[in-house]
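This is target_6.pdb. It holds PDB, C-alpha atoms, pLDDT in the B column.
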```pdb
ATOM      1  CA  MET A   1       0.788  -2.777  -4.449  1.00 57.00           C
ATOM      2  CA  ALA A   2       2.521  -0.281  -2.225  1.00 64.00           C
ATOM      3  CA  ASP A   3       5.432  -1.224  -0.013  1.00 71.00           C
ATOM      4  CA  PRO A   4       3.952  -2.327   3.339  1.00 72.00           C
ATOM      5  CA  LYS A   5       6.985  -0.869   5.115  1.00 78.00           C
ATOM      6  CA  GLY A   6       7.004   2.374   3.147  1.00 77.00           C
ATOM      7  CA  PHE A   7       6.348   4.346   6.317  1.00 79.00           C
ATOM      8  CA  LEU A   8       9.776   3.234   7.547  1.00 83.00           C
ATOM      9  CA  THR A   9      11.654   4.255   4.413  1.00 85.00           C
ATOM     10  CA  THR A  10       9.779   7.410   3.394  1.00 83.00           C
ATOM     11  CA  PRO A  11      10.124  10.378   5.755  1.00 87.00           C
ATOM     12  CA  ARG A  12       7.088  12.513   6.478  1.00 84.00           C
ATOM     13  CA  ARG A  13       6.983  15.785   4.545  1.00 85.00           C
ATOM     14  CA  LEU A  14       4.510  18.582   5.008  1.00 83.00           C
ATOM     15  CA  PRO A  15       3.486  20.993   2.262  1.00 84.00           C
ATOM     16  CA  PRO A  16       5.058  24.462   2.408  1.00 89.00           C
ATOM     17  CA  ARG A  17       2.972  27.035   4.250  1.00 89.00           C
ATOM     18  CA  ARG A  18       2.068  30.513   3.163  1.00 91.00           C
ATOM     19  CA  PRO A  19       3.757  33.315   5.134  1.00 92.00           C
ATOM     20  CA  VAL A  20       1.926  34.412   8.285  1.00 92.00           C
ATOM     21  CA  ALA A  21       1.766  38.034   7.135  1.00 93.00           C
ATOM     22  CA  GLU A  22      -0.189  36.882   4.089  1.00 90.00           C
ATOM     23  CA  ARG A  23      -2.458  34.471   5.988  1.00 89.00           C
ATOM     24  CA  VAL A  24      -3.729  36.982   8.547  1.00 92.00           C
ATOM     25  CA  ARG A  25      -5.361  39.016   5.787  1.00 92.00           C
ATOM     26  CA  ASP A  26      -7.605  36.270   4.363  1.00 90.00           C
ATOM     27  CA  TRP A  27      -9.410  33.002   5.036  1.00 89.00           C
ATOM     28  CA  HIS A  28      -7.649  30.941   2.371  1.00 87.00           C
ATOM     29  CA  GLU A  29      -5.902  27.638   3.001  1.00 84.00           C
ATOM     30  CA  VAL A  30      -2.657  27.623   5.016  1.00 84.00           C
ATOM     31  CA  PRO A  31      -0.598  25.420   2.624  1.00 84.00           C
ATOM     32  CA  ALA A  32       0.863  27.210  -0.376  1.00 82.00           C
ATOM     33  CA  PRO A  33      -1.136  26.696  -3.598  1.00 84.00           C
ATOM     34  CA  GLY A  34       0.248  23.753  -5.540  1.00 82.00           C
ATOM     35  CA  GLY A  35       2.663  22.865  -2.732  1.00 78.00           C
ATOM     36  CA  LEU A  36       1.146  19.451  -2.095  1.00 78.00           C
ATOM     37  CA  LEU A  37       1.323  18.159  -5.663  1.00 80.00           C
ATOM     38  CA  PRO A  38       5.090  17.409  -5.745  1.00 81.00           C
ATOM     39  CA  ILE A  39       5.017  15.332  -2.538  1.00 84.00           C
ATOM     40  CA  ILE A  40       1.624  13.607  -2.624  1.00 81.00           C
ATOM     41  CA  ASN A  41       2.752  10.383  -4.359  1.00 80.00           C
ATOM     42  CA  ALA A  42       5.664   9.819  -1.999  1.00 81.00           C
ATOM     43  CA  GLN A  43       3.460  10.450   1.030  1.00 80.00           C
ATOM     44  CA  ALA A  44       0.841   8.006  -0.246  1.00 79.00           C
ATOM     45  CA  ASP A  45       3.523   5.302  -0.045  1.00 78.00           C
ATOM     46  CA  ARG A  46       3.524   5.777   3.730  1.00 79.00           C
ATOM     47  CA  CYS A  47       0.036   4.238   4.028  1.00 78.00           C
ATOM     48  CA  MET A  48       0.123   0.919   5.897  1.00 73.00           C
ATOM     49  CA  ASP A  49      -3.108  -0.391   4.264  1.00 74.00           C
ATOM     50  CA  CYS A  50      -4.270  -1.401   7.725  1.00 73.00           C
ATOM     51  CA  GLY A  51      -7.941  -1.550   6.718  1.00 72.00           C
ATOM     52  CA  ILE A  52      -9.188   0.726   9.481  1.00 69.00           C
ATOM     53  CA  PRO A  53     -12.030   2.937   8.271  1.00 67.00           C
ATOM     54  CA  PHE A  54     -11.608   6.661   8.823  1.00 66.00           C
ATOM     55  CA  CYS A  55      -7.840   6.270   8.797  1.00 66.00           C
ATOM     56  CA  HIS A  56      -7.369  10.006   8.265  1.00 65.00           C
ATOM     57  CA  ASP A  57      -8.290  10.555  11.908  1.00 61.00           C
ATOM     58  CA  GLY A  58      -6.788   7.433  13.446  1.00 55.00           C
ATOM     59  CA  CYS A  59      -3.681   6.715  11.376  1.00 63.00           C
ATOM     60  CA  PRO A  60      -0.711   6.036  13.664  1.00 55.00           C
ATOM     61  CA  LEU A  61       1.522   7.682  11.064  1.00 57.00           C
ATOM     62  CA  GLY A  62      -0.452  10.904  11.087  1.00 60.00           C
ATOM     63  CA  ASN A  63      -1.123  10.746   7.352  1.00 56.00           C
TER
END
```

Show the structure stored in the file as structure tokens.
Amino acid sequence: MADPKGFLTTPRRLPPRRPVAERVRDWHEVPAPGGLLPIINAQADRCMDCGIPFCHDGCPLGN
């Protein structure tokens, strides 16, 4: 089971973004390809397991 206080010990990290000059030329995703994979496990530890459905929209942590 994950640490219920993991959101207190694990800082929030966002994936690296592609440069703006590159993004204005296409409709691809803003995060850099493969940028989320190194941080996804640590960020999953931030989940409070609160049991609220649709937590992606209502999570107080912004996960």

Practice prompt. Quick one: pull the distance between CA of Arg23 in chain A and CA of Leu37 in chain A, Å, one decimal.
Written response: 20.4 Å

Practice prompt. Would you kindly return, as a PyMOL selection string, each protein, DNA or RNA residue with an atom no farther than 7 Å from any atom of range 6-12 of chain A, considering only C-alpha atoms and excluding same-chain residues fewer than 5 positions away?
Written response: chain A and resi 43+45-47

Worksheet item: Which one is closest to Asn41 in chain A: A:Arg25, A:Arg18, A:Arg13, A:Pro4? Count only C-alpha atoms.
Response: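 Of the candidates, the smallest distance to Asn41 in chain A is held by A:Arg13.
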
Discussion item. Just the number, please: distance in Å from CA of Gly35 in chain A to CA of Pro19 in chain A, one decimal.
Written reply: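 Between these atoms lies a distance of 13.1 Å.
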
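Relative to CA of Pro15 in chain A, CA of Asp49 in chain A is found at 22.5 Å.
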